[in-house]
$ cat query30.pdb   # PDB, C-alpha atoms and all ligand atoms
ATOM      1  CA  MET T   1     171.126 -93.522  77.834
ATOM      2  CA  ALA T   2     172.513 -91.881  74.668
ATOM      3  CA  GLU T   3     170.291 -92.043  71.599
ATOM      4  CA  LYS T   4     171.417 -94.719  69.120
ATOM      5  CA  VAL T   5     173.071 -93.593  65.880
ATOM      6  CA  SER T   6     173.047 -95.929  62.864
ATOM      7  CA  TRP T   7     175.727 -96.082  60.173
ATOM      8  CA  LEU T   8     176.103 -98.161  57.005
ATOM      9  CA  ILE T   9     179.563 -98.332  55.451
ATOM     10  CA  THR T  10     180.451 -99.911  52.105
ATOM     11  CA  GLY T  11     183.866-101.461  51.484
ATOM     12  CA  ALA T  12     184.478-102.228  55.164
ATOM     13  CA  SER T  13     186.810-105.192  54.579
ATOM     14  CA  ARG T  14     190.003-103.104  54.578
ATOM     15  CA  GLY T  15     191.530 -99.645  54.258
ATOM     16  CA  ILE T  16     189.532 -96.540  55.153
ATOM     17  CA  GLY T  17     186.237 -98.458  55.409
ATOM     18  CA  LEU T  18     187.635-100.871  57.993
ATOM     19  CA  GLU T  19     189.098 -97.973  60.002
ATOM     20  CA  LEU T  20     185.739 -96.152  59.911
ATOM     21  CA  VAL T  21     184.122 -99.237  61.426
ATOM     22  CA  ARG T  22     186.871 -99.623  64.032
ATOM     23  CA  GLN T  23     186.594 -96.002  65.215
ATOM     24  CA  LEU T  24     182.784 -95.879  65.149
ATOM     25  CA  LEU T  25     182.631 -98.981  67.342
ATOM     26  CA  SER T  26     184.398 -97.133  70.173
ATOM     27  CA  ASP T  27     181.133 -95.251  70.825
ATOM     28  CA  PRO T  28     178.430 -97.314  72.544
ATOM     29  CA  ALA T  29     175.745 -95.193  70.847
ATOM     30  CA  ASN T  30     176.710 -96.453  67.386
ATOM     31  CA  ILE T  31     175.001 -99.249  65.481
ATOM     32  CA  VAL T  32     177.398-100.044  62.632
ATOM     33  CA  ILE T  33     176.327-101.997  59.555
ATOM     34  CA  ALA T  34     179.642-102.887  57.935
ATOM     35  CA  THR T  35     179.182-104.176  54.421
ATOM     36  CA  CYS T  36     181.663-106.011  52.224
ATOM     37  CA  ARG T  37     181.442-108.204  49.164
ATOM     38  CA  ASN T  38     182.824-111.354  50.873
ATOM     39  CA  PRO T  39     182.001-111.404  54.608
ATOM     40  CA  SER T  40     183.497-114.892  55.085
ATOM     41  CA  SER T  41     186.954-113.753  53.903
ATOM     42  CA  ALA T  42     186.900-110.327  55.620
ATOM     43  CA  THR T  43     189.257-111.470  58.381
ATOM     44  CA  ALA T  44     190.078-108.065  59.892
ATOM     45  CA  LEU T  45     186.420-107.031  59.915
ATOM     46  CA  ASN T  46     185.336-110.318  61.503
ATOM     47  CA  ALA T  47     188.039-109.845  64.148
ATOM     48  CA  LEU T  48     186.379-106.566  65.182
ATOM     49  CA  ALA T  49     183.202-108.504  65.966
ATOM     50  CA  SER T  50     184.964-110.371  68.759
ATOM     51  CA  ASP T  51     187.131-107.489  69.999
ATOM     52  CA  LEU T  52     185.998-106.679  73.523
ATOM     53  CA  VAL T  53     187.235-103.052  73.358
ATOM     54  CA  ASN T  54     184.287-102.349  71.065
ATOM     55  CA  LYS T  55     181.316-100.734  72.722
ATOM     56  CA  GLY T  56     179.051-100.059  69.726
ATOM     57  CA  SER T  57     177.165-102.851  67.974
ATOM     58  CA  LEU T  58     178.507-104.352  64.756
ATOM     59  CA  HIS T  59     176.490-106.076  62.043
ATOM     60  CA  ILE T  60     178.306-107.452  59.004
ATOM     61  CA  ALA T  61     176.314-107.678  55.768
ATOM     62  CA  GLN T  62     177.126-108.746  52.216
ATOM     63  CA  LEU T  63     177.098-105.996  49.589
ATOM     64  CA  ASP T  64     178.815-105.949  46.211
ATOM     65  CA  ILE T  65     178.412-102.392  44.963
ATOM     66  CA  THR T  66     178.587-103.512  41.317
ATOM     67  CA  ASP T  67     175.832-106.136  41.643
ATOM     68  CA  GLU T  68     172.244-104.841  41.433
ATOM     69  CA  ASP T  69     170.785-107.966  43.096
ATOM     70  CA  SER T  70     173.187-107.503  45.990
ATOM     71  CA  ILE T  71     172.212-103.814  46.246
ATOM     72  CA  GLN T  72     168.513-104.757  46.368
ATOM     73  CA  GLY T  73     169.349-107.382  49.002
ATOM     74  CA  ILE T  74     170.918-104.845  51.353
ATOM     75  CA  SER T  75     167.485-103.318  52.012
ATOM     76  CA  SER T  76     166.218-106.488  53.664
ATOM     77  CA  SER T  77     169.447-106.839  55.692
ATOM     78  CA  VAL T  78     169.033-103.248  56.917
ATOM     79  CA  GLN T  79     165.342-103.887  57.670
ATOM     80  CA  ASP T  80     166.274-106.932  59.768
ATOM     81  CA  ILE T  81     168.915-104.961  61.688
ATOM     82  CA  LEU T  82     167.164-101.615  62.181
ATOM     83  CA  GLY T  83     163.525-102.715  62.275
ATOM     84  CA  ASP T  84     161.478 -99.511  62.448
ATOM     85  CA  GLY T  85     164.610 -97.390  63.013
ATOM     86  CA  GLY T  86     166.060 -95.079  60.399
ATOM     87  CA  LEU T  87     169.531 -95.009  58.876
ATOM     88  CA  ASP T  88     171.379 -91.914  60.121
ATOM     89  CA  TYR T  89     174.562 -92.127  58.039
ATOM     90  CA  LEU T  90     175.138 -93.852  54.680
ATOM     91  CA  LEU T  91     178.865 -93.874  53.874
ATOM     92  CA  ASN T  92     179.504 -94.813  50.234
ATOM     93  CA  ASN T  93     183.179 -95.616  50.763
ATOM     94  CA  ALA T  94     183.916 -98.638  48.524
ATOM     95  CA  ALA T  95     185.567 -97.890  45.194
ATOM     96  CA  ILE T  96     188.076 -99.176  42.691
ATOM     97  CA  ASN T  97     191.054 -97.501  41.085
ATOM     98  CA  VAL T  98     191.825 -99.199  37.768
ATOM     99  CA  GLY T  99     195.312 -97.696  37.710
ATOM    100  CA  ASP T 100     197.325 -95.025  36.081
ATOM    101  CA  ASP T 101     195.687 -94.601  32.666
ATOM    102  CA  ILE T 102     195.601 -91.337  30.732
ATOM    103  CA  GLY T 103     193.056 -89.411  28.701
ATOM    104  CA  PHE T 104     194.157 -90.606  25.255
ATOM    105  CA  THR T 105     194.748 -94.301  26.010
ATOM    106  CA  LEU T 106     192.016 -95.252  28.458
ATOM    107  CA  THR T 107     189.902 -98.266  27.535
ATOM    108  CA  SER T 108     186.124 -98.560  27.519
ATOM    109  CA  ARG T 109     186.486-101.426  30.004
ATOM    110  CA  ALA T 110     188.494 -99.298  32.468
ATOM    111  CA  LEU T 111     186.088 -96.390  32.227
ATOM    112  CA  GLU T 112     182.954 -98.543  32.426
ATOM    113  CA  ASN T 113     184.255-100.548  35.390
ATOM    114  CA  SER T 114     185.189 -97.305  37.156
ATOM    115  CA  PHE T 115     181.728 -95.884  36.568
ATOM    116  CA  ARG T 116     179.972 -99.070  37.667
ATOM    117  CA  ALA T 117     181.796 -99.190  41.005
ATOM    118  CA  ASN T 118     182.389 -95.516  41.730
ATOM    119  CA  VAL T 119     179.231 -93.838  40.412
ATOM    120  CA  THR T 120     176.426 -96.300  39.593
ATOM    121  CA  GLY T 121     176.988 -98.308  42.782
ATOM    122  CA  PRO T 122     176.752 -95.328  45.179
ATOM    123  CA  ALA T 123     173.743 -93.963  43.245
ATOM    124  CA  LEU T 124     171.779 -97.241  43.405
ATOM    125  CA  ILE T 125     172.729 -97.886  47.035
ATOM    126  CA  ALA T 126     171.390 -94.453  48.036
ATOM    127  CA  GLN T 127     168.173 -95.196  46.127
ATOM    128  CA  ALA T 128     167.765 -98.600  47.777
ATOM    129  CA  LEU T 129     168.380 -97.195  51.262
ATOM    130  CA  LEU T 130     166.462 -93.934  50.871
ATOM    131  CA  PRO T 131     163.375 -95.233  52.748
ATOM    132  CA  PHE T 132     165.586 -95.935  55.789
ATOM    133  CA  ILE T 133     167.422 -92.598  55.484
ATOM    134  CA  GLU T 134     164.056 -90.802  55.326
ATOM    135  CA  LYS T 135     163.077 -92.366  58.651
ATOM    136  CA  SER T 136     166.147 -90.947  60.441
ATOM    137  CA  ASN T 137     166.560 -87.519  62.024
ATOM    138  CA  ARG T 138     170.112 -87.116  60.657
ATOM    139  CA  LYS T 139     169.704 -88.178  56.979
ATOM    140  CA  LEU T 140     173.355 -87.873  55.925
ATOM    141  CA  ILE T 141     174.876 -89.475  52.827
ATOM    142  CA  MET T 142     178.624 -89.318  52.242
ATOM    143  CA  ASN T 143     180.054 -90.161  48.844
ATOM    144  CA  MET T 144     183.790 -90.793  49.243
ATOM    145  CA  SER T 145     185.507 -88.743  46.577
ATOM    146  CA  SER T 146     189.173 -87.896  45.999
ATOM    147  CA  GLY T 147     191.444 -84.928  45.403
ATOM    148  CA  LEU T 148     191.864 -86.485  41.950
ATOM    149  CA  ALA T 149     188.210 -85.581  41.255
ATOM    150  CA  SER T 150     189.034 -81.891  41.563
ATOM    151  CA  ILE T 151     189.848 -79.934  38.415
ATOM    152  CA  GLY T 152     190.644 -76.972  40.681
ATOM    153  CA  ILE T 153     193.464 -78.783  42.536
ATOM    154  CA  ASP T 154     194.954 -79.624  39.108
ATOM    155  CA  LEU T 155     196.666 -82.977  39.780
ATOM    156  CA  GLY T 156     197.515 -83.513  36.124
ATOM    157  CA  PRO T 157     196.915 -86.337  33.629
ATOM    158  CA  LYS T 158     197.325 -89.406  35.865
ATOM    159  CA  ASN T 159     194.588 -91.910  36.841
ATOM    160  CA  ALA T 160     192.171 -90.673  34.172
ATOM    161  CA  SER T 161     189.362 -93.268  34.474
ATOM    162  CA  TYR T 162     189.356 -93.117  38.262
ATOM    163  CA  SER T 163     189.456 -89.305  38.316
ATOM    164  CA  ILE T 164     186.650 -88.967  35.751
ATOM    165  CA  SER T 165     184.466 -91.376  37.744
ATOM    166  CA  LYS T 166     185.070 -89.514  41.015
ATOM    167  CA  THR T 167     184.254 -86.177  39.362
ATOM    168  CA  ALA T 168     180.991 -87.769  38.207
ATOM    169  CA  LEU T 169     180.390 -88.938  41.782
ATOM    170  CA  ASN T 170     180.745 -85.313  42.883
ATOM    171  CA  MET T 171     178.068 -84.323  40.381
ATOM    172  CA  LEU T 172     175.841 -87.134  41.680
ATOM    173  CA  THR T 173     176.290 -85.662  45.178
ATOM    174  CA  TYR T 174     175.257 -82.213  43.935
ATOM    175  CA  LYS T 175     172.208 -83.639  42.112
ATOM    176  CA  GLN T 176     171.113 -85.653  45.162
ATOM    177  CA  ALA T 177     171.513 -82.606  47.414
ATOM    178  CA  LYS T 178     169.532 -80.372  45.066
ATOM    179  CA  ILE T 179     166.559 -82.714  44.668
ATOM    180  CA  ARG T 180     166.342 -83.504  48.391
ATOM    181  CA  PRO T 181     167.050 -80.427  50.523
ATOM    182  CA  ASP T 182     165.809 -82.352  53.561
ATOM    183  CA  LEU T 183     168.912 -84.594  53.365
ATOM    184  CA  ILE T 184     172.582 -83.734  53.915
ATOM    185  CA  VAL T 185     174.601 -85.139  50.999
ATOM    186  CA  VAL T 186     178.328 -84.439  50.871
ATOM    187  CA  CYS T 187     181.427 -85.667  49.103
ATOM    188  CA  VAL T 188     184.629 -86.099  51.087
ATOM    189  CA  ASP T 189     188.275 -86.308  50.029
ATOM    190  CA  PRO T 190     190.005 -88.517  52.630
ATOM    191  CA  GLY T 191     193.474 -87.194  51.726
ATOM    192  CA  TRP T 192     196.303 -89.446  50.581
ATOM    193  CA  VAL T 193     196.023 -92.413  52.925
ATOM    194  CA  LYS T 194     198.218 -95.491  53.479
ATOM    195  CA  THR T 195     195.925 -98.263  52.214
ATOM    196  CA  ASP T 196     196.097-100.784  49.383
ATOM    197  CA  MET T 197     194.772 -98.045  47.095
ATOM    198  CA  GLY T 198     196.848 -95.160  48.469
ATOM    199  CA  GLY T 199     200.089 -97.167  48.819
ATOM    200  CA  GLN T 200     202.631 -97.030  51.613
ATOM    201  CA  GLY T 201     204.128 -93.738  50.349
ATOM    202  CA  ALA T 202     200.925 -91.863  51.265
ATOM    203  CA  PHE T 203     200.931 -88.995  53.793
ATOM    204  CA  LEU T 204     198.271 -90.146  56.244
ATOM    205  CA  GLU T 205     197.703 -93.213  58.397
ATOM    206  CA  PRO T 206     194.113 -94.471  58.094
ATOM    207  CA  HIS T 207     193.375 -93.514  61.720
ATOM    208  CA  GLU T 208     194.503 -89.900  61.107
ATOM    209  CA  SER T 209     192.228 -89.449  58.107
ATOM    210  CA  VAL T 210     189.266 -91.310  59.582
ATOM    211  CA  SER T 211     189.202 -89.574  62.989
ATOM    212  CA  GLN T 212     188.863 -86.261  61.164
ATOM    213  CA  ILE T 213     186.339 -87.567  58.614
ATOM    214  CA  ILE T 214     184.066 -88.667  61.474
ATOM    215  CA  LYS T 215     184.275 -85.169  62.996
ATOM    216  CA  VAL T 216     183.465 -83.616  59.606
ATOM    217  CA  LEU T 217     180.473 -85.923  59.083
ATOM    218  CA  THR T 218     179.010 -85.477  62.541
ATOM    219  CA  SER T 219     179.325 -81.677  62.293
ATOM    220  CA  ARG T 220     177.808 -81.183  58.806
ATOM    221  CA  LYS T 221     174.623 -79.158  58.695
ATOM    222  CA  GLN T 222     171.988 -78.541  56.019
ATOM    223  CA  GLU T 223     173.971 -75.575  54.676
ATOM    224  CA  HIS T 224     176.862 -77.937  53.806
ATOM    225  CA  SER T 225     174.715 -80.221  51.633
ATOM    226  CA  GLY T 226     175.994 -80.541  48.072
ATOM    227  CA  GLY T 227     179.516 -79.565  49.165
ATOM    228  CA  PHE T 228     182.940 -81.160  48.690
ATOM    229  CA  PHE T 229     185.032 -81.364  51.873
ATOM    230  CA  ARG T 230     188.525 -82.548  52.697
ATOM    231  CA  TYR T 231     189.026 -84.905  55.667
ATOM    232  CA  ASP T 232     189.935 -81.884  57.822
ATOM    233  CA  GLY T 233     186.758 -79.987  56.893
ATOM    234  CA  GLU T 234     188.331 -77.590  54.376
ATOM    235  CA  THR T 235     186.219 -77.001  51.268
ATOM    236  CA  VAL T 236     187.761 -78.640  48.179
ATOM    237  CA  PRO T 237     187.573 -76.706  44.881
ATOM    238  CA  TRP T 238     185.485 -78.408  42.203
TER     239      TRP T 238
HETATM  240  N1  LIG H   1     193.723 -94.219  50.011
HETATM  241  C1  LIG H   1     193.749 -93.027  49.461
HETATM  242  O1  LIG H   1     194.798 -92.350  49.431
HETATM  243  C2  LIG H   1     192.499 -92.430  48.880
HETATM  244  C3  LIG H   1     192.601 -91.152  48.334
HETATM  245  C4  LIG H   1     191.452 -90.546  47.810
HETATM  246  C5  LIG H   1     190.247 -91.224  47.851
HETATM  247  N2  LIG H   1     190.185 -92.483  48.376
HETATM  248  C6  LIG H   1     188.865 -93.131  48.402
HETATM  249  O2  LIG H   1     188.615 -93.643  49.701
HETATM  250  C7  LIG H   1     187.775 -94.808  49.609
HETATM  251  C8  LIG H   1     188.420 -95.972  50.332
HETATM  252  O3  LIG H   1     189.680 -96.217  49.708
HETATM  253  P1  LIG H   1     190.812 -97.144  50.350
HETATM  254  O4  LIG H   1     192.070 -96.410  50.224
HETATM  255  O5  LIG H   1     190.377 -97.677  51.659
HETATM  256  O6  LIG H   1     190.811 -98.318  49.258
HETATM  257  P2  LIG H   1     191.219 -99.864  49.363
HETATM  258  O7  LIG H   1     192.207-100.063  50.454
HETATM  259  O8  LIG H   1     191.563-100.292  47.986
HETATM  260  O9  LIG H   1     189.828-100.546  49.788
HETATM  261  C9  LIG H   1     188.777-100.511  48.873
HETATM  262  C10 LIG H   1     187.559-101.117  49.520
HETATM  263  O10 LIG H   1     186.499-101.089  48.561
HETATM  264  C11 LIG H   1     185.966-102.391  48.467
HETATM  265  N3  LIG H   1     185.398-102.682  47.172
HETATM  266  C12 LIG H   1     185.953-102.571  45.941
HETATM  267  N4  LIG H   1     185.097-103.007  45.007
HETATM  268  C13 LIG H   1     183.973-103.396  45.659
HETATM  269  C14 LIG H   1     182.741-103.953  45.249
HETATM  270  N5  LIG H   1     182.469-104.224  43.957
HETATM  271  N6  LIG H   1     181.793-104.195  46.189
HETATM  272  C15 LIG H   1     182.042-103.950  47.499
HETATM  273  N7  LIG H   1     183.211-103.467  47.948
HETATM  274  C16 LIG H   1     184.153-103.193  47.036
HETATM  275  C17 LIG H   1     187.120-103.320  48.773
HETATM  276  O11 LIG H   1     186.609-104.594  49.105
HETATM  277  P3  LIG H   1     187.417-105.984  48.811
HETATM  278  O12 LIG H   1     188.298-106.195  50.014
HETATM  279  O13 LIG H   1     186.341-106.991  48.673
HETATM  280  O14 LIG H   1     188.201-105.793  47.548
HETATM  281  C18 LIG H   1     187.753-102.567  49.931
HETATM  282  O15 LIG H   1     187.054-102.806  51.129
HETATM  283  C19 LIG H   1     187.553 -95.027  48.121
HETATM  284  O16 LIG H   1     186.345 -94.416  47.726
HETATM  285  C20 LIG H   1     188.730 -94.308  47.477
HETATM  286  O17 LIG H   1     188.466 -93.920  46.146
HETATM  287  C21 LIG H   1     191.279 -93.103  48.885
END
$ encode --input "query30.pdb" --output "structure tokens" --more "lines below"
Ligand SMILES: NC(=O)c1ccc[n+]([C@@H]2O[C@H](COP(=O)([O-])OP(=O)(O)OC[C@H]3O[C@@H](n4cnc5c(N)ncnc54)[C@H](OP(=O)(O)O)[C@@H]3O)[C@@H](O)[C@H]2O)c1
Amino acid sequence: MAEKVSWLITGASRGIGLELVRQLLSDPANIVIATCRNPSSATALNALASDLVNKGSLHIAQLDITDEDSIQGISSSVQDILGDGGLDYLLNNAAINVGDDIGFTLTSRALENSFRANVTGPALIAQALLPFIEKSNRKLIMNMSSGLASIGIDLGPKNASYSISKTALNMLTYKQAKIRPDLIVVCVDPGWVKTDMGGQGAFLEPHESVSQIIKVLTSRKQEHSGGFFRYDGETVPW
């Protein structure tokens, strides 16, 4: 029997997070902890629980990435699900995009909310789950970034608060990788994807982005830790 592989995904109610869960469940080796802030209203995620095509095991847990009590609570949910097992993959996917603000008109509220969800949340979740990650043989953390985080790609003035927060998330990734060389910590740009955040004019269907992200994650090695990768594995300029 194949060895079990455990995954925890934030923001699994819709979009890229939901598609990650859907694709991971096709492998019977996967134990998927799908987290969302309102499990009772996550209709599409709950539907996956009763979908007989799924071969992996699905556990749905409550996690609001902006709520420190909720973040502390996820440890006991993970303990109940994994027991003595470790967490192989932590996917910090959930995020908010406060909209198209610019560098000279952004508000403290927009910037602070962006930081709380897109930087502080992933940082505290990794801290809370570190004991489980340490117990695994894989020890991979993905922080979902964006092309908008890259100064090198040069996407211009749009979405300032969101972009600034995702650039900070990239720095968090680098700092986590540097202090813990025994882990693999990467940031990933999923591309422009047709979701509520990406809009219907985006280039990629969620399944196209996610199938490649899973290949990138499962093929990362120690030498990749601290790096910034596109969904297709290309290195993204900082
Ligand atoms: N789509 C794109 O083109 C694109 C491009 C670059 C990067 N990304 C990144 O890819 C990731 C997924 O984006 P997406 O396109 O799937 O976005 P989305 O369709 O807007 O979905 C966002 C997800 O994050 C969750 N979320 C937001 N705030 C949360 C909170 N406080 N606690 C827990 N969950 C929360 C949402 O849950 P609720 O249902 O409860 O609101 C939802 O599941 C994000 O990190 C995003 O920045 C996306």
$ axis_aligned_box --input "query30.pdb" --around "segment 45-62 of chain T" --padding-each-side "5 Å" --output "lines of an AutoDock Vina configuration file"
center_x = 182.2
center_y = -105.2
center_z = 62.9
size_x = 21.7
size_y = 20.3
size_z = 31.3
$ closest_residue --input "query30.pdb" --among "T:Lys166, T:His207, T:Lys221, T:His59" --to "ligand LIG 1 (chain H)" --atoms "only C-alpha atoms and all ligand atoms"
T:Lys166
$ residues_around --input "query30.pdb" --residues "segment 6-16 of chain T" --least-positions-apart "5" --cutoff "7 Å" --atoms "only C-alpha atoms" --output "list in words"
Val21, Asn30, Ile31, Val32, Ile33, Ala34, Thr35, Cys36, Ala42, Ala44, Leu45, Leu87, Asp88, Tyr89, Leu90, Leu91, Asn92, Asn93, Ala94, Thr195, Asp196, Pro206 and Val210 of chain T
$ write_last_selection --input "query30.pdb" --atoms "C-alpha atoms" --output "PDB file, in the frame of the given file"
ATOM      1  CA  VAL T  21     184.122 -99.237  61.426  1.00  0.00           C
ATOM      2  CA  ASN T  30     176.710 -96.453  67.386  1.00  0.00           C
ATOM      3  CA  ILE T  31     175.001 -99.249  65.481  1.00  0.00           C
ATOM      4  CA  VAL T  32     177.398-100.044  62.632  1.00  0.00           C
ATOM      5  CA  ILE T  33     176.327-101.997  59.555  1.00  0.00           C
ATOM      6  CA  ALA T  34     179.642-102.887  57.935  1.00  0.00           C
ATOM      7  CA  THR T  35     179.182-104.176  54.421  1.00  0.00           C
ATOM      8  CA  CYS T  36     181.663-106.011  52.224  1.00  0.00           C
ATOM      9  CA  ALA T  42     186.900-110.327  55.620  1.00  0.00           C
ATOM     10  CA  ALA T  44     190.078-108.065  59.892  1.00  0.00           C
ATOM     11  CA  LEU T  45     186.420-107.031  59.915  1.00  0.00           C
ATOM     12  CA  LEU T  87     169.531 -95.009  58.876  1.00  0.00           C
ATOM     13  CA  ASP T  88     171.379 -91.914  60.121  1.00  0.00           C
ATOM     14  CA  TYR T  89     174.562 -92.127  58.039  1.00  0.00           C
ATOM     15  CA  LEU T  90     175.138 -93.852  54.680  1.00  0.00           C
ATOM     16  CA  LEU T  91     178.865 -93.874  53.874  1.00  0.00           C
ATOM     17  CA  ASN T  92     179.504 -94.813  50.234  1.00  0.00           C
ATOM     18  CA  ASN T  93     183.179 -95.616  50.763  1.00  0.00           C
ATOM     19  CA  ALA T  94     183.916 -98.638  48.524  1.00  0.00           C
ATOM     20  CA  THR T 195     195.925 -98.263  52.214  1.00  0.00           C
ATOM     21  CA  ASP T 196     196.097-100.784  49.383  1.00  0.00           C
ATOM     22  CA  PRO T 206     194.113 -94.471  58.094  1.00  0.00           C
ATOM     23  CA  VAL T 210     189.266 -91.310  59.582  1.00  0.00           C
TER      24      VAL T 210
END
$ atom_distance --input "query30.pdb" --atom1 "atom CA of Trp192 of chain T" --atom2 "atom N2 of ligand LIG 1 (chain H)"
7.2 Å
$ atom_distance --input "query30.pdb" --atom1 "atom CA of Pro28 of chain T" --atom2 "atom CA of Val5 of chain T"
9.3 Å
$ closest_residue --input "query30.pdb" --among "T:Ser76, T:Thr105, T:Gly152, T:Asp69" --to "Gly121 of chain T" --atoms "only C-alpha atoms"
T:Asp69
$ closest_residue --input "query30.pdb" --among "T:Leu20, T:Ile141, T:Leu82, T:Ile65" --to "ligand LIG 1 (chain H)" --atoms "all atoms listed in the file"
T:Ile65
